[in-house]
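Below is one structure; the comments refer to it alone.
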Amino acid sequence: MQRQRPDLPSTDKRWKLVNATMRRNGYAEHALIEALHSVQDAFGFLDTDAMTFVADSLDLPLSKVYGVATFYHLFMLKPQGRHTCVVCTGTACYIKGAGALIEGIEQRFGVNPGETTEDKSLSVMTARCVGACGLAPAVVIDGNVIGKLGTDKLVERIEEETRE
Amino acid sequence: MNLDELDELARSYTEEAADVAQEVRVCMAASCQSTGAQPVLDALRKAREAKGADNCRVKGVGCMGLCSAGPLVSVGERDADLNASSIYREVTADHAEALIEATQNPAAAEATLAALHCPSDLPFFQRQQKIVLEHAGVIDPDSFKGYVAVGGYRAMVQALSEMTPAEVIAEITTSGLRGRGGGGYPTGLKWSTVAKMPGEQKYVICNADEGDPGAFMDRAILESDPHRLLEGMAIAAYAIGANKGYIYVRAEYPLAVERLKTAIRKAKRQGFLGHHICETQFNFDVEIRLGAGAFVCGEETALMASIEGGRGQPRPRPPYPAESGLFGRPTLINNVETYANIAPIVNEGGGWFASIGTERSKGTKVFALAGTIENTGLIEVPMGTRLRDIIEVIGGGIPNGKAFKAVQTGGPSGGCVPAEHLDIGVDYDSLKTLGTMMGSGGMIVMDETSNMVDVARFFMEFCMDESCGKCVPCRTGTQQMHALLDKIAKADATPDDLALLEELCEVVRATSLCGLGQSAPNPVMSTLRYFRDEYEEKLAGR
């Protein structure tokens, strides 16, 4: 007998994208990470509603979905700021002063890696090497890799990006 | 399809470009894109139109290697080698007209371009030997035709139409190829083990979860020549009797994922992947699986757990993946660079490959040069090349008049090589005797300003954060070792702390479940071996 799939959590069209990913994988258990990727792509983070929906659709315990979501660094359980700044802390960037960049951001914007500013304009993260070692120290601002910046220039750049 | 038909197809693709005499190539790999390659490409296309330079084409290509000087552009005859072209560095859209002029009337453009010229007779270009990267910076990675025109898929068609699976494996065994992901396990032996396993369903996996910080070789291959990987995987699948493959890629490499998707789609449409490949009985399908930012997933059993949709935690071996791997089936896992070596071996023969390199390490190796070194980027050299040549000649030495201190290889599982050992030839075994390892090929050069205790602490912090938490020695051990290193780095430790650190290194190495934990102490042991005085200075500074 075909198992009953749960209804979409709301009329938000983005749920259809998530559902399509799971359908393409035959609602198989191994589609879990793919499904979570598509939730994060669509909504920016994973909340309890989303995880419950994925768990019910794939017939998995919610604990398993939560376990997977928290295991991987890339999955976010909280909404992110309007802009993100990822500082690469790979070896090459470390040697070329990634630490100073993080300090500079903290001094100017008051946020440490993993945090979002109070006005929700900026989230700061670190990455374990974005593979742009030729441009060390590298940062990724809203998906664009920018290299060889000093602290002052980086802070200026973020100020520009986050200005409304 | 047989080889003659494929060659005919390649010829027809080449003839489509018969009117093209000159070529302007723009590196469109991730690094050059971040320094503005896209506007350069657009401007070149516009300038070509405006000038009516019909005998010239503008082409986006993969990595040319010298990442620190991007965006890179080369001008030369159609399909010419990178070394036979003129290479220009740090190009901007403003140079577009002059670059197009250079294809028509080189003398007229020289004045404008002289400052950008990057002589291709530099050792950085001349001292390399390219097998894996032979098409990188030459062909358009998004073009199926471009790959076939340079002899692509010839090895696959030859294997399918003229060789038995056993013959393919014999060729790989003769070549002496060893796993390029770091372990150095003989590839032929791995393939024959999986081939011998009973069972209808087998899998081929490509490990493209390049997690070592400071390593970007696989990224360059994926972004520059994705069909090469697909061809290697298809040959492997034919050899071991698999019909399904997975490529596990880091989500941090969006451009590589995009190019792989395009390559898979085009290969399928042309009948070079999927059902009845090239009108034979062989079926092979490939799917991409995205990682989600966990370093431990580079370990093969953790990687398979992740493809199965679970937490990427390793499990004890045996059973090895060859016996019980993905979904409990016999599975072959190789790294990107390993697969990229397969097509040339089938084309040129295992004997040819075995003639390159050293006694026990055959072929070439791609290295990513980074850190405090003049020429940051990607190089491919024969196994056995002296470390000194790589760093001082090809890499151009240390900038700003500083002195060389150490080169770190093998990522967080490796160690440091100090100046007194620079004259060794690099291969799997020589690096091991120095207390480090080949790893996947990242080389981070450090000058005299780096403190080695800090470096050891940096790597330990990495391992501590990335430990999956399954086994106690790694989960707790890395934390304790990090705390001790932190204490030493802050000049707050006693000699007893150092003794405890050394004891812990041995315990974690001997008792951890997987490679991550077993090798986590390596950076500490290696820096202690060569730079013990720096630890002692910190102790004395208490």
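Scheme for the structure tokens: letters A, B, ... for chains in order shown; per-chain residue numbers from 1; ligand numbers from 1 in order shown.
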Show me, as a ChimeraX atom specification, every residue of chain B with an atom at most 6 Å from chain A, counting only C-alpha atoms. /B:31,34,67-68,213-214,216,292-294,308-309,311,370-371,376-377
Store the residues of this selection in a file with N, CA and C atoms, as an mmCIF file, in the first residue's frame.
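selection12.cif, written as the output of this step:
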data_model
loop_
_atom_site.group_PDB
_atom_site.id
_atom_site.type_symbol
_atom_site.label_atom_id
_atom_site.label_comp_id
_atom_site.auth_asym_id
_atom_site.auth_seq_id
_atom_site.Cartn_x
_atom_site.Cartn_y
_atom_site.Cartn_z
ATOM 1 N N SER B 31 39.294 30.735 -9.118
ATOM 2 C CA SER B 31 40.190 31.750 -8.596
ATOM 3 C C SER B 31 40.230 32.977 -9.512
ATOM 4 N N SER B 34 37.097 35.059 -9.379
ATOM 5 C CA SER B 34 36.953 35.980 -8.251
ATOM 6 C C SER B 34 37.763 37.244 -8.459
ATOM 7 N N CYS B 67 47.559 30.908 -10.166
ATOM 8 C CA CYS B 67 46.349 31.524 -9.624
ATOM 9 C C CYS B 67 46.578 32.901 -9.014
ATOM 10 N N SER B 68 47.774 33.144 -8.466
ATOM 11 C CA SER B 68 47.995 34.413 -7.784
ATOM 12 C C SER B 68 48.063 35.584 -8.758
ATOM 13 N N PRO B 213 42.694 21.716 4.156
ATOM 14 C CA PRO B 213 42.873 23.140 3.896
ATOM 15 C C PRO B 213 44.184 23.349 3.139
ATOM 16 N N GLY B 214 44.144 24.188 2.118
ATOM 17 C CA GLY B 214 45.347 24.442 1.337
ATOM 18 C C GLY B 214 45.501 23.520 0.147
ATOM 19 N N PHE B 216 43.762 22.435 -3.537
ATOM 20 C CA PHE B 216 42.700 22.747 -4.496
ATOM 21 C C PHE B 216 42.963 22.122 -5.857
ATOM 22 N N ALA B 292 28.189 18.504 2.862
ATOM 23 C CA ALA B 292 27.563 19.600 3.599
ATOM 24 C C ALA B 292 28.521 20.141 4.644
ATOM 25 N N GLY B 293 29.797 20.129 4.299
ATOM 26 C CA GLY B 293 30.768 20.762 5.178
ATOM 27 C C GLY B 293 31.191 19.913 6.350
ATOM 28 N N ALA B 294 31.644 18.694 6.097
ATOM 29 C CA ALA B 294 32.214 17.882 7.171
ATOM 30 C C ALA B 294 33.487 17.245 6.635
ATOM 31 N N GLU B 308 24.509 7.776 1.803
ATOM 32 C CA GLU B 308 23.299 7.058 2.201
ATOM 33 C C GLU B 308 22.332 7.959 2.974
ATOM 34 N N GLY B 309 22.724 9.216 3.182
ATOM 35 C CA GLY B 309 21.824 10.185 3.799
ATOM 36 C C GLY B 309 21.986 10.344 5.290
ATOM 37 N N ARG B 311 24.545 10.705 9.066
ATOM 38 C CA ARG B 311 25.671 11.448 9.613
ATOM 39 C C ARG B 311 26.940 10.821 9.053
ATOM 40 N N ALA B 370 50.850 27.039 -1.954
ATOM 41 C CA ALA B 370 50.213 28.179 -1.296
ATOM 42 C C ALA B 370 51.059 28.591 -0.100
ATOM 43 N N GLY B 371 50.635 29.651 0.566
ATOM 44 C CA GLY B 371 51.384 30.169 1.692
ATOM 45 C C GLY B 371 52.330 31.258 1.247
ATOM 46 N N THR B 376 51.971 31.351 -6.305
ATOM 47 C CA THR B 376 50.922 30.525 -5.718
ATOM 48 C C THR B 376 50.104 29.935 -6.851
ATOM 49 N N GLY B 377 49.766 28.687 -6.750
ATOM 50 C CA GLY B 377 48.942 28.093 -7.801
ATOM 51 C C GLY B 377 49.128 26.603 -7.892
#
Ranking A:Trp15, A:Val111, A:Gly104, A:Asp119 by minimum distance to A:Asp152 and counting only C-alpha atoms, which one comes first?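 Nearest candidate to A:Asp152 out of A:Trp15, A:Val111, A:Gly104, A:Asp119: A:Gly104.
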Out of A:Glu103, A:Glu118, A:Asp56, A:Asp142, which residue has the shortest atom-to-atom distance to A:Asp7 when counting only C-alpha atoms?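 Of A:Glu103, A:Glu118, A:Asp56, A:Asp142, the one nearest A:Asp7 is A:Asp56, counting only C-alpha atoms.
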Determine which residues of stretch 210-259 of chain B DSSP labels as helix (DSSP H, G or I) from the backbone of this structure, then write them out as a list of chain:residue names. B:Met217, B:Asp218, B:Arg219, B:Ala220, B:Ile221, B:Leu222, B:Glu223, B:Ser224, B:Pro226, B:His227, B:Arg228, B:Leu229, B:Leu230, B:Glu231, B:Gly232, B:Met233, B:Ala234, B:Ile235, B:Ala236, B:Ala237, B:Tyr238, B:Ala239, B:Ile240, B:Pro254, B:Leu255, B:Ala256, B:Val257, B:Glu258, B:Arg259
Pairwise distance, atom CA of B:Ser526 with atom CA of B:Asp218, equals 25.9 Å
Interface rows for stretch 299-417 of chain B against stretch 142-161 of chain B: nearest pair, Å to one decimal, 9 Å, only C-alpha atoms, as a tab-separated table:
residue	atom	partner	partner_atom	distance
B:Ile342	CA	B:Ala155	CA	8.3
B:Ala343	CA	B:Ala155	CA	5.2
B:Pro344	CA	B:Ala155	CA	7.3
B:Ile345	CA	B:Ala155	CA	8.3
B:Val346	CA	B:Ala155	CA	5.5
B:Asn347	CA	B:Ala155	CA	5.3
For B:Pro523, which of B:Ile390, B:Val20, B:Cys505, B:Ala456 is the closest residue, counting only C-alpha atoms?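 When distances to B:Pro523 are compared using only C-alpha atoms, the smallest one comes from B:Ala456.
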A:Arg157 surroundings by only C-alpha atoms, 12 Å radius, close-in-sequence under 3 positions cut, as a PDB file with N, CA and C atoms, in the first residue's frame:
ATOM      1  N   HIS A  83      23.159  39.797   4.654  1.00  0.00           N
ATOM      2  CA  HIS A  83      24.430  39.574   3.977  1.00  0.00           C
ATOM      3  C   HIS A  83      25.261  38.600   4.800  1.00  0.00           C
ATOM      4  N   CYS A  85      29.229  37.015   5.417  1.00  0.00           N
ATOM      5  CA  CYS A  85      30.656  37.145   5.161  1.00  0.00           C
ATOM      6  C   CYS A  85      31.333  35.911   5.747  1.00  0.00           C
ATOM      7  N   ILE A 105      36.671  42.425  11.962  1.00  0.00           N
ATOM      8  CA  ILE A 105      35.213  42.381  11.803  1.00  0.00           C
ATOM      9  C   ILE A 105      34.547  42.477  13.171  1.00  0.00           C
ATOM     10  N   VAL A 139      37.977  35.841   1.564  1.00  0.00           N
ATOM     11  CA  VAL A 139      36.671  35.912   2.216  1.00  0.00           C
ATOM     12  C   VAL A 139      35.606  35.736   1.146  1.00  0.00           C
ATOM     13  N   VAL A 140      34.438  35.249   1.548  1.00  0.00           N
ATOM     14  CA  VAL A 140      33.343  35.092   0.608  1.00  0.00           C
ATOM     15  C   VAL A 140      32.206  35.991   1.083  1.00  0.00           C
ATOM     16  N   ILE A 141      31.936  37.059   0.350  1.00  0.00           N
ATOM     17  CA  ILE A 141      30.850  37.965   0.722  1.00  0.00           C
ATOM     18  C   ILE A 141      29.670  37.705  -0.211  1.00  0.00           C
ATOM     19  N   ASP A 142      28.564  37.296   0.360  1.00  0.00           N
ATOM     20  CA  ASP A 142      27.360  36.969  -0.421  1.00  0.00           C
ATOM     21  C   ASP A 142      27.677  36.084  -1.626  1.00  0.00           C
ATOM     22  N   ILE A 146      36.462  37.007  -2.524  1.00  0.00           N
ATOM     23  CA  ILE A 146      37.302  38.189  -2.657  1.00  0.00           C
ATOM     24  C   ILE A 146      38.608  37.891  -1.950  1.00  0.00           C
ATOM     25  N   GLY A 147      39.718  38.170  -2.611  1.00  0.00           N
ATOM     26  CA  GLY A 147      40.988  37.782  -2.030  1.00  0.00           C
ATOM     27  C   GLY A 147      41.909  38.940  -1.749  1.00  0.00           C
ATOM     28  N   LEU A 149      42.676  40.886   0.651  1.00  0.00           N
ATOM     29  CA  LEU A 149      42.253  42.137   1.266  1.00  0.00           C
ATOM     30  C   LEU A 149      42.879  42.269   2.649  1.00  0.00           C
ATOM     31  N   GLY A 150      43.277  43.490   3.009  1.00  0.00           N
ATOM     32  CA  GLY A 150      43.689  43.761   4.377  1.00  0.00           C
ATOM     33  C   GLY A 150      42.442  44.021   5.222  1.00  0.00           C
ATOM     34  N   THR A 151      42.640  44.110   6.537  1.00  0.00           N
ATOM     35  CA  THR A 151      41.497  44.275   7.427  1.00  0.00           C
ATOM     36  C   THR A 151      40.692  45.538   7.110  1.00  0.00           C
ATOM     37  N   ASP A 152      41.397  46.668   6.921  1.00  0.00           N
ATOM     38  CA  ASP A 152      40.693  47.931   6.683  1.00  0.00           C
ATOM     39  C   ASP A 152      39.852  47.868   5.418  1.00  0.00           C
ATOM     40  N   LYS A 153      40.465  47.350   4.350  1.00  0.00           N
ATOM     41  CA  LYS A 153      39.757  47.252   3.079  1.00  0.00           C
ATOM     42  C   LYS A 153      38.539  46.333   3.197  1.00  0.00           C
ATOM     43  N   LEU A 154      38.708  45.234   3.957  1.00  0.00           N
ATOM     44  CA  LEU A 154      37.602  44.296   4.114  1.00  0.00           C
ATOM     45  C   LEU A 154      36.442  44.953   4.849  1.00  0.00           C
ATOM     46  N   GLU A 160      30.162  48.810   2.664  1.00  0.00           N
ATOM     47  CA  GLU A 160      29.534  49.124   1.374  1.00  0.00           C
ATOM     48  C   GLU A 160      28.387  48.156   1.072  1.00  0.00           C
ATOM     49  N   GLU A 161      28.667  46.874   1.266  1.00  0.00           N
ATOM     50  CA  GLU A 161      27.687  45.852   0.912  1.00  0.00           C
ATOM     51  C   GLU A 161      26.432  45.922   1.785  1.00  0.00           C
ATOM     52  N   THR A 162      26.660  46.224   3.080  1.00  0.00           N
ATOM     53  CA  THR A 162      25.524  46.164   4.000  1.00  0.00           C
ATOM     54  C   THR A 162      24.750  47.484   4.056  1.00  0.00           C
ATOM     55  N   ARG A 163      25.283  48.531   3.410  1.00  0.00           N
ATOM     56  CA  ARG A 163      24.561  49.803   3.380  1.00  0.00           C
ATOM     57  C   ARG A 163      23.262  49.606   2.587  1.00  0.00           C
TER      58      ARG A 163
END
Quick one: residues within 10 Å of A:Thr48, only C-alpha atoms, excluding same-chain residues fewer than 6 positions away - as a list in words?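 My reading of the contact set: Val54, Leu62, Tyr66 and Leu77 of chain A.
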Which residues are near A:Val124? Cut-off 9 Å, only C-alpha atoms, ignore same chain within fewer than 3 positions. Put them as number ranges by chain. A: 81, 83-87, 102, 105, 111-117
Let's have the selection written as a PDB file, in the first residue's frame, with N, CA and C atoms.
ATOM      1  N   GLY A  81      21.631  36.630   8.435  1.00  0.00           N
ATOM      2  CA  GLY A  81      21.483  38.049   8.119  1.00  0.00           C
ATOM      3  C   GLY A  81      21.288  38.243   6.622  1.00  0.00           C
ATOM      4  N   HIS A  83      23.159  39.797   4.654  1.00  0.00           N
ATOM      5  CA  HIS A  83      24.430  39.574   3.977  1.00  0.00           C
ATOM      6  C   HIS A  83      25.261  38.600   4.800  1.00  0.00           C
ATOM      7  N   THR A  84      26.052  37.808   4.090  1.00  0.00           N
ATOM      8  CA  THR A  84      26.929  36.898   4.821  1.00  0.00           C
ATOM      9  C   THR A  84      28.375  37.171   4.427  1.00  0.00           C
ATOM     10  N   CYS A  85      29.229  37.015   5.417  1.00  0.00           N
ATOM     11  CA  CYS A  85      30.656  37.145   5.161  1.00  0.00           C
ATOM     12  C   CYS A  85      31.333  35.911   5.747  1.00  0.00           C
ATOM     13  N   VAL A  86      31.915  35.103   4.870  1.00  0.00           N
ATOM     14  CA  VAL A  86      32.595  33.893   5.316  1.00  0.00           C
ATOM     15  C   VAL A  86      34.098  34.136   5.230  1.00  0.00           C
ATOM     16  N   VAL A  87      34.764  34.046   6.361  1.00  0.00           N
ATOM     17  CA  VAL A  87      36.219  34.211   6.359  1.00  0.00           C
ATOM     18  C   VAL A  87      36.851  32.831   6.273  1.00  0.00           C
ATOM     19  N   ILE A 102      39.235  38.398  11.123  1.00  0.00           N
ATOM     20  CA  ILE A 102      38.139  38.079  12.048  1.00  0.00           C
ATOM     21  C   ILE A 102      38.093  39.092  13.186  1.00  0.00           C
ATOM     22  N   ILE A 105      36.671  42.425  11.962  1.00  0.00           N
ATOM     23  CA  ILE A 105      35.213  42.381  11.803  1.00  0.00           C
ATOM     24  C   ILE A 105      34.547  42.477  13.171  1.00  0.00           C
ATOM     25  N   VAL A 111      30.458  41.285  15.979  1.00  0.00           N
ATOM     26  CA  VAL A 111      30.008  39.891  15.858  1.00  0.00           C
ATOM     27  C   VAL A 111      31.195  38.957  15.672  1.00  0.00           C
ATOM     28  N   ASN A 112      31.102  37.813  16.299  1.00  0.00           N
ATOM     29  CA  ASN A 112      32.100  36.761  16.131  1.00  0.00           C
ATOM     30  C   ASN A 112      31.601  35.775  15.097  1.00  0.00           C
ATOM     31  N   PRO A 113      32.497  34.931  14.587  1.00  0.00           N
ATOM     32  CA  PRO A 113      32.039  33.905  13.641  1.00  0.00           C
ATOM     33  C   PRO A 113      30.890  33.082  14.224  1.00  0.00           C
ATOM     34  N   GLY A 114      29.879  32.833  13.419  1.00  0.00           N
ATOM     35  CA  GLY A 114      28.711  32.083  13.863  1.00  0.00           C
ATOM     36  C   GLY A 114      27.604  32.996  14.360  1.00  0.00           C
ATOM     37  N   GLU A 115      27.845  34.316  14.387  1.00  0.00           N
ATOM     38  CA  GLU A 115      26.845  35.243  14.915  1.00  0.00           C
ATOM     39  C   GLU A 115      26.302  36.172  13.824  1.00  0.00           C
ATOM     40  N   THR A 116      25.165  36.771  14.136  1.00  0.00           N
ATOM     41  CA  THR A 116      24.527  37.712  13.225  1.00  0.00           C
ATOM     42  C   THR A 116      24.350  39.040  13.959  1.00  0.00           C
ATOM     43  N   THR A 117      24.543  40.151  13.263  1.00  0.00           N
ATOM     44  CA  THR A 117      24.376  41.453  13.917  1.00  0.00           C
ATOM     45  C   THR A 117      22.926  41.633  14.363  1.00  0.00           C
TER      46      THR A 117
END
Please extract the residues of stretch 390-457 of chain B with a backbone DSSP assignment of strand (DSSP E or B) and present them as a list in words.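 The strand (DSSP E or B) residues within stretch 390-457 of chain B come out as Phe404, Lys405, Ala406, Val407, Gln408, Thr409, Gly415, Cys416, Val417, Pro418, Gly425, Gly442, Met443, Ile444, Val445, Met446 and Asp447 of chain B.
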Print the selection's residues with N, CA and C atoms to a file, as a PDB file, in the first residue's frame.
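Generated file (out23.pdb):
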ATOM      1  N   PHE B 404      63.203  30.727   4.036  1.00  0.00           N
ATOM      2  CA  PHE B 404      62.317  29.571   4.078  1.00  0.00           C
ATOM      3  C   PHE B 404      62.436  28.889   5.440  1.00  0.00           C
ATOM      4  N   LYS B 405      61.307  28.448   5.968  1.00  0.00           N
ATOM      5  CA  LYS B 405      61.373  27.713   7.230  1.00  0.00           C
ATOM      6  C   LYS B 405      60.922  26.271   7.067  1.00  0.00           C
ATOM      7  N   ALA B 406      59.737  26.070   6.515  1.00  0.00           N
ATOM      8  CA  ALA B 406      59.238  24.704   6.389  1.00  0.00           C
ATOM      9  C   ALA B 406      58.153  24.663   5.327  1.00  0.00           C
ATOM     10  N   VAL B 407      57.935  23.480   4.784  1.00  0.00           N
ATOM     11  CA  VAL B 407      56.790  23.296   3.902  1.00  0.00           C
ATOM     12  C   VAL B 407      55.908  22.217   4.524  1.00  0.00           C
ATOM     13  N   GLN B 408      54.628  22.499   4.566  1.00  0.00           N
ATOM     14  CA  GLN B 408      53.687  21.584   5.204  1.00  0.00           C
ATOM     15  C   GLN B 408      52.986  20.788   4.112  1.00  0.00           C
ATOM     16  N   THR B 409      53.030  19.482   4.198  1.00  0.00           N
ATOM     17  CA  THR B 409      52.323  18.654   3.211  1.00  0.00           C
ATOM     18  C   THR B 409      51.335  17.743   3.928  1.00  0.00           C
ATOM     19  N   GLY B 415      52.687  16.587   7.900  1.00  0.00           N
ATOM     20  CA  GLY B 415      53.682  17.211   8.746  1.00  0.00           C
ATOM     21  C   GLY B 415      54.491  18.220   7.973  1.00  0.00           C
ATOM     22  N   CYS B 416      55.551  18.710   8.622  1.00  0.00           N
ATOM     23  CA  CYS B 416      56.364  19.759   8.019  1.00  0.00           C
ATOM     24  C   CYS B 416      57.719  19.208   7.603  1.00  0.00           C
ATOM     25  N   VAL B 417      58.224  19.721   6.504  1.00  0.00           N
ATOM     26  CA  VAL B 417      59.570  19.378   6.073  1.00  0.00           C
ATOM     27  C   VAL B 417      60.428  20.634   6.213  1.00  0.00           C
ATOM     28  N   PRO B 418      61.508  20.548   7.018  1.00  0.00           N
ATOM     29  CA  PRO B 418      62.357  21.731   7.228  1.00  0.00           C
ATOM     30  C   PRO B 418      63.393  21.883   6.111  1.00  0.00           C
ATOM     31  N   GLY B 425      63.601  13.835  -3.202  1.00  0.00           N
ATOM     32  CA  GLY B 425      62.631  13.785  -4.292  1.00  0.00           C
ATOM     33  C   GLY B 425      61.281  13.420  -3.691  1.00  0.00           C
ATOM     34  N   GLY B 442      48.421  19.230  -1.207  1.00  0.00           N
ATOM     35  CA  GLY B 442      48.554  20.621  -0.783  1.00  0.00           C
ATOM     36  C   GLY B 442      49.953  20.847  -0.219  1.00  0.00           C
ATOM     37  N   MET B 443      50.596  21.933  -0.637  1.00  0.00           N
ATOM     38  CA  MET B 443      51.906  22.288  -0.072  1.00  0.00           C
ATOM     39  C   MET B 443      51.831  23.713   0.407  1.00  0.00           C
ATOM     40  N   ILE B 444      51.975  23.884   1.709  1.00  0.00           N
ATOM     41  CA  ILE B 444      51.913  25.230   2.262  1.00  0.00           C
ATOM     42  C   ILE B 444      53.306  25.623   2.705  1.00  0.00           C
ATOM     43  N   VAL B 445      53.804  26.678   2.117  1.00  0.00           N
ATOM     44  CA  VAL B 445      55.156  27.109   2.419  1.00  0.00           C
ATOM     45  C   VAL B 445      55.119  28.166   3.521  1.00  0.00           C
ATOM     46  N   MET B 446      56.021  28.011   4.491  1.00  0.00           N
ATOM     47  CA  MET B 446      56.055  28.976   5.589  1.00  0.00           C
ATOM     48  C   MET B 446      57.426  29.610   5.667  1.00  0.00           C
ATOM     49  N   ASP B 447      57.449  30.907   5.914  1.00  0.00           N
ATOM     50  CA  ASP B 447      58.734  31.580   6.048  1.00  0.00           C
ATOM     51  C   ASP B 447      59.098  31.704   7.518  1.00  0.00           C
TER      52      ASP B 447
END
Near B:Glu101, within 10 Å and counting only C-alpha atoms, which residues show up once chain neighbours fewer than 4 positions away are dropped, as a ChimeraX atom specification? /B:47-48,51,53,95-97,105-110
Hey, can you spit out that residue selection with C-alpha atoms as a PDB file, in the first residue's frame?
ATOM      1  CA  ALA B  47      36.147  43.680 -28.966  1.00  0.00           C
ATOM      2  CA  ARG B  48      36.363  40.728 -31.320  1.00  0.00           C
ATOM      3  CA  LYS B  51      37.178  44.500 -34.848  1.00  0.00           C
ATOM      4  CA  ALA B  53      38.421  39.506 -36.184  1.00  0.00           C
ATOM      5  CA  HIS B  95      43.021  45.414 -22.184  1.00  0.00           C
ATOM      6  CA  ALA B  96      40.493  43.596 -24.360  1.00  0.00           C
ATOM      7  CA  GLU B  97      41.081  45.607 -27.512  1.00  0.00           C
ATOM      8  CA  ASN B 105      49.019  42.512 -35.554  1.00  0.00           C
ATOM      9  CA  PRO B 106      51.206  41.519 -32.596  1.00  0.00           C
ATOM     10  CA  ALA B 107      53.708  44.343 -33.036  1.00  0.00           C
ATOM     11  CA  ALA B 108      51.023  47.032 -32.735  1.00  0.00           C
ATOM     12  CA  ALA B 109      49.698  45.647 -29.462  1.00  0.00           C
ATOM     13  CA  GLU B 110      53.038  45.067 -27.851  1.00  0.00           C
TER      14      GLU B 110
END
Residue nearest B:Tyr530 - candidates B:Met452, B:Met460, B:Leu44, B:Met438, atoms counted: only C-alpha atoms: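 Of all the options, B:Met452 lies closest to B:Tyr530.
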For B:Arg475, the nearest of the candidates B:Gly439, B:Gly517, B:Pro412, B:Pro123, counting only C-alpha atoms: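 Looking at the shortest contact to B:Arg475, the residue is B:Gly517.
One finds atom CA of B:Leu230 at 29.1 Å from atom CA of A:Asn19.
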